[in-house]
Amino acid sequence: MTKTAIAIITAAILLPAMTGLLPAEERVMTVEELYLQEDIGIQVLRTQALSSRRDHKEQALETLRTLVEDGAIAADDSPRIAILRLLATDGSSYQVRVGGRVLYNNPDIRRDAAELLGEIGGPQSRSALLEIMEYEREPMVLSQAIHALGHVGLDDEGRGAVRLARVLNRENARDNPDNNLMYVTLMSMERLAGDQPDQLATSTLVNSLVQISTGPYNRLVREQARQTLSVLGGL
């Protein structure tokens, strides 16, 4: 065997072993290493949230609720907010279907996850709430998401105002609109208008509010529509 061949074989044997000796900043970690480095708590929560069992999803939600109550989830805590987003959209924008039927449709879990997103706040939670408003059709979940948005605030790009306008237009087009959903939406709009009036003072939203103020809603909803118009400067 030539000296060149011996050198090549020796390098092939030693190189993989030497990789572990390189400084951390010079190594490219494998997928397995990245997964193992992730907090075990995050792994457990994600597994529970993706489980087909309702009780596992409930366990994930309760763990996250405790963390939120303890102030342990910051507005930039991407992994935990992503898990809450999954729980809040599981059955709406995120669906698993078998034979055309949506599995894991738990609107109460989606509602509670939306509530927690509102308590955390920040751009990532806002983005999740806007996704809920885009795809959710269960009134109690949608109401909670809109209520949460009222506390988190609107985005600078105007997506929140567009989502609110769609909710109003959809309800106005129904023969039997949901009074509770509409009342919560109007209350949230009034709150948001106090801080970000320019975002909501659009012709589309004002026209919708005028329709609601004289539409087929109960007295409380009609009065709230007029109050929201007043805050927006519409009356």
# chains A, B, ... in the order shown; residues from 1 in each chain; ligands from 1
$ residues_around --residues "A:Gly121" --least-positions-apart "5" --cutoff "12 Å" --atoms "only C-alpha atoms" --output "PDB file with N, CA and C atoms, in the first residue's frame"
ATOM      1  N   VAL A  68     -48.526  30.968  32.124  1.00  0.00           N
ATOM      2  CA  VAL A  68     -48.988  32.336  31.867  1.00  0.00           C
ATOM      3  C   VAL A  68     -49.325  33.032  33.181  1.00  0.00           C
ATOM      4  N   GLY A  71     -46.423  34.251  34.930  1.00  0.00           N
ATOM      5  CA  GLY A  71     -45.617  35.213  34.192  1.00  0.00           C
ATOM      6  C   GLY A  71     -44.390  34.605  33.552  1.00  0.00           C
ATOM      7  N   ILE A  73     -44.227  33.088  30.538  1.00  0.00           N
ATOM      8  CA  ILE A  73     -44.219  33.100  29.067  1.00  0.00           C
ATOM      9  C   ILE A  73     -44.168  34.546  28.605  1.00  0.00           C
ATOM     10  N   ALA A  74     -43.057  34.928  28.017  1.00  0.00           N
ATOM     11  CA  ALA A  74     -42.891  36.290  27.516  1.00  0.00           C
ATOM     12  C   ALA A  74     -43.505  36.415  26.121  1.00  0.00           C
ATOM     13  N   ALA A  75     -43.668  37.652  25.674  1.00  0.00           N
ATOM     14  CA  ALA A  75     -44.282  37.913  24.375  1.00  0.00           C
ATOM     15  C   ALA A  75     -43.439  37.396  23.215  1.00  0.00           C
ATOM     16  N   ASP A  76     -42.144  37.135  23.464  1.00  0.00           N
ATOM     17  CA  ASP A  76     -41.271  36.627  22.401  1.00  0.00           C
ATOM     18  C   ASP A  76     -40.908  35.150  22.602  1.00  0.00           C
ATOM     19  N   ASP A  77     -41.705  34.458  23.410  1.00  0.00           N
ATOM     20  CA  ASP A  77     -41.467  33.029  23.668  1.00  0.00           C
ATOM     21  C   ASP A  77     -42.047  32.217  22.509  1.00  0.00           C
ATOM     22  N   ILE A  81     -45.663  29.991  22.390  1.00  0.00           N
ATOM     23  CA  ILE A  81     -46.738  30.680  21.672  1.00  0.00           C
ATOM     24  C   ILE A  81     -47.150  29.866  20.447  1.00  0.00           C
ATOM     25  N   ALA A 114     -57.030  30.857  22.916  1.00  0.00           N
ATOM     26  CA  ALA A 114     -57.117  32.243  22.445  1.00  0.00           C
ATOM     27  C   ALA A 114     -57.062  33.216  23.614  1.00  0.00           C
ATOM     28  N   GLU A 115     -57.707  32.854  24.701  1.00  0.00           N
ATOM     29  CA  GLU A 115     -57.670  33.703  25.893  1.00  0.00           C
ATOM     30  C   GLU A 115     -56.237  33.873  26.398  1.00  0.00           C
ATOM     31  N   LEU A 116     -55.492  32.776  26.440  1.00  0.00           N
ATOM     32  CA  LEU A 116     -54.110  32.845  26.917  1.00  0.00           C
ATOM     33  C   LEU A 116     -53.231  33.670  25.979  1.00  0.00           C
ATOM     34  N   ARG A 126     -50.601  38.307  18.569  1.00  0.00           N
ATOM     35  CA  ARG A 126     -51.524  39.013  17.682  1.00  0.00           C
ATOM     36  C   ARG A 126     -51.681  38.273  16.360  1.00  0.00           C
ATOM     37  N   SER A 127     -50.570  37.815  15.803  1.00  0.00           N
ATOM     38  CA  SER A 127     -50.624  37.076  14.544  1.00  0.00           C
ATOM     39  C   SER A 127     -51.494  35.833  14.672  1.00  0.00           C
ATOM     40  N   ALA A 128     -51.373  35.126  15.798  1.00  0.00           N
ATOM     41  CA  ALA A 128     -52.197  33.934  16.029  1.00  0.00           C
ATOM     42  C   ALA A 128     -53.670  34.310  16.133  1.00  0.00           C
ATOM     43  N   LEU A 129     -53.971  35.400  16.818  1.00  0.00           N
ATOM     44  CA  LEU A 129     -55.367  35.841  16.967  1.00  0.00           C
ATOM     45  C   LEU A 129     -55.965  36.226  15.615  1.00  0.00           C
ATOM     46  N   ALA A 145     -61.305  35.431  20.663  1.00  0.00           N
ATOM     47  CA  ALA A 145     -60.163  35.940  19.901  1.00  0.00           C
ATOM     48  C   ALA A 145     -60.274  37.449  19.699  1.00  0.00           C
ATOM     49  N   ALA A 148     -59.627  39.212  22.939  1.00  0.00           N
ATOM     50  CA  ALA A 148     -58.183  39.216  23.205  1.00  0.00           C
ATOM     51  C   ALA A 148     -57.481  40.263  22.355  1.00  0.00           C
ATOM     52  N   LEU A 149     -57.875  40.389  21.089  1.00  0.00           N
ATOM     53  CA  LEU A 149     -57.266  41.380  20.207  1.00  0.00           C
ATOM     54  C   LEU A 149     -57.496  42.792  20.749  1.00  0.00           C
ATOM     55  N   GLY A 150     -58.652  43.002  21.386  1.00  0.00           N
ATOM     56  CA  GLY A 150     -58.933  44.303  21.970  1.00  0.00           C
ATOM     57  C   GLY A 150     -57.929  44.700  23.024  1.00  0.00           C
ATOM     58  N   HIS A 151     -57.316  43.721  23.677  1.00  0.00           N
ATOM     59  CA  HIS A 151     -56.304  43.992  24.695  1.00  0.00           C
ATOM     60  C   HIS A 151     -54.894  44.021  24.096  1.00  0.00           C
ATOM     61  N   VAL A 152     -54.658  43.201  23.087  1.00  0.00           N
ATOM     62  CA  VAL A 152     -53.325  43.128  22.478  1.00  0.00           C
ATOM     63  C   VAL A 152     -53.056  44.343  21.592  1.00  0.00           C
ATOM     64  N   GLY A 153     -54.095  44.800  20.881  1.00  0.00           N
ATOM     65  CA  GLY A 153     -53.941  45.943  19.987  1.00  0.00           C
ATOM     66  C   GLY A 153     -53.806  45.531  18.534  1.00  0.00           C
ATOM     67  N   LEU A 154     -54.014  46.504  17.644  1.00  0.00           N
ATOM     68  CA  LEU A 154     -53.967  46.248  16.213  1.00  0.00           C
ATOM     69  C   LEU A 154     -52.541  46.316  15.681  1.00  0.00           C
ATOM     70  N   ASP A 155     -52.331  45.694  14.540  1.00  0.00           N
ATOM     71  CA  ASP A 155     -51.039  45.744  13.875  1.00  0.00           C
ATOM     72  C   ASP A 155     -50.961  46.995  13.009  1.00  0.00           C
TER      73      ASP A 155
END
$ residues_around --residues "stretch 220-232 of chain A" --least-positions-apart "6" --cutoff "12 Å" --atoms "only C-alpha atoms" --output "PyMOL selection string"
chain A and resi 168+177-203+205-214
$ atom_distance --atom1 "atom CA of A:Glu58" --atom2 "atom CA of A:Ile109"
7.2 Å
$ atom_distance --atom1 "atom CA of A:Lys57" --atom2 "atom CA of A:Ala82"
14.0 Å
$ atom_distance --atom1 "atom CA of A:Asn176" --atom2 "atom CA of A:Gly158"
28.6 Å
$ residues_around --residues "A:Thr47" --least-positions-apart "2" --cutoff "12 Å" --atoms "only C-alpha atoms" --output "list in words"
Ile40, Gly41, Ile42, Gln43, Val44, Leu45, Ala49, Leu50, Ser51, Ser52, Arg53, His56, Lys57, Gln59, Ala60, Ile83, Leu86 and Leu87 of chain A
$ select_by_dssp --residues "stretch 141-170 of chain A" --states "helix (DSSP H, G or I)" --output "ChimeraX atom specification"
/A:141-152,159-170
$ closest_residue --among "A:Leu84, A:Leu67, A:Leu130, A:Leu61" --to "A:Arg166" --atoms "only C-alpha atoms"
A:Leu130
$ select_by_dssp --residues "stretch 87-175 of chain A" --states "strand (DSSP E or B)" --output "NGL selection string"
:A and (90 or 94 or 96-98 or 101-103)
$ write_last_selection --atoms "C-alpha atoms" --output "CSV table (one decimal), in the first residue's frame"
chain,number,residue,atom,x,y,z
A,90,ASP,CA,-56.8,22.9,15.9
A,94,TYR,CA,-55.4,23.4,11.2
A,96,VAL,CA,-57.0,16.6,10.4
A,97,ARG,CA,-59.8,14.9,8.3
A,98,VAL,CA,-60.8,11.3,8.0
A,101,ARG,CA,-64.9,14.6,8.9
A,102,VAL,CA,-62.8,17.0,11.0
A,103,LEU,CA,-61.1,15.3,13.9
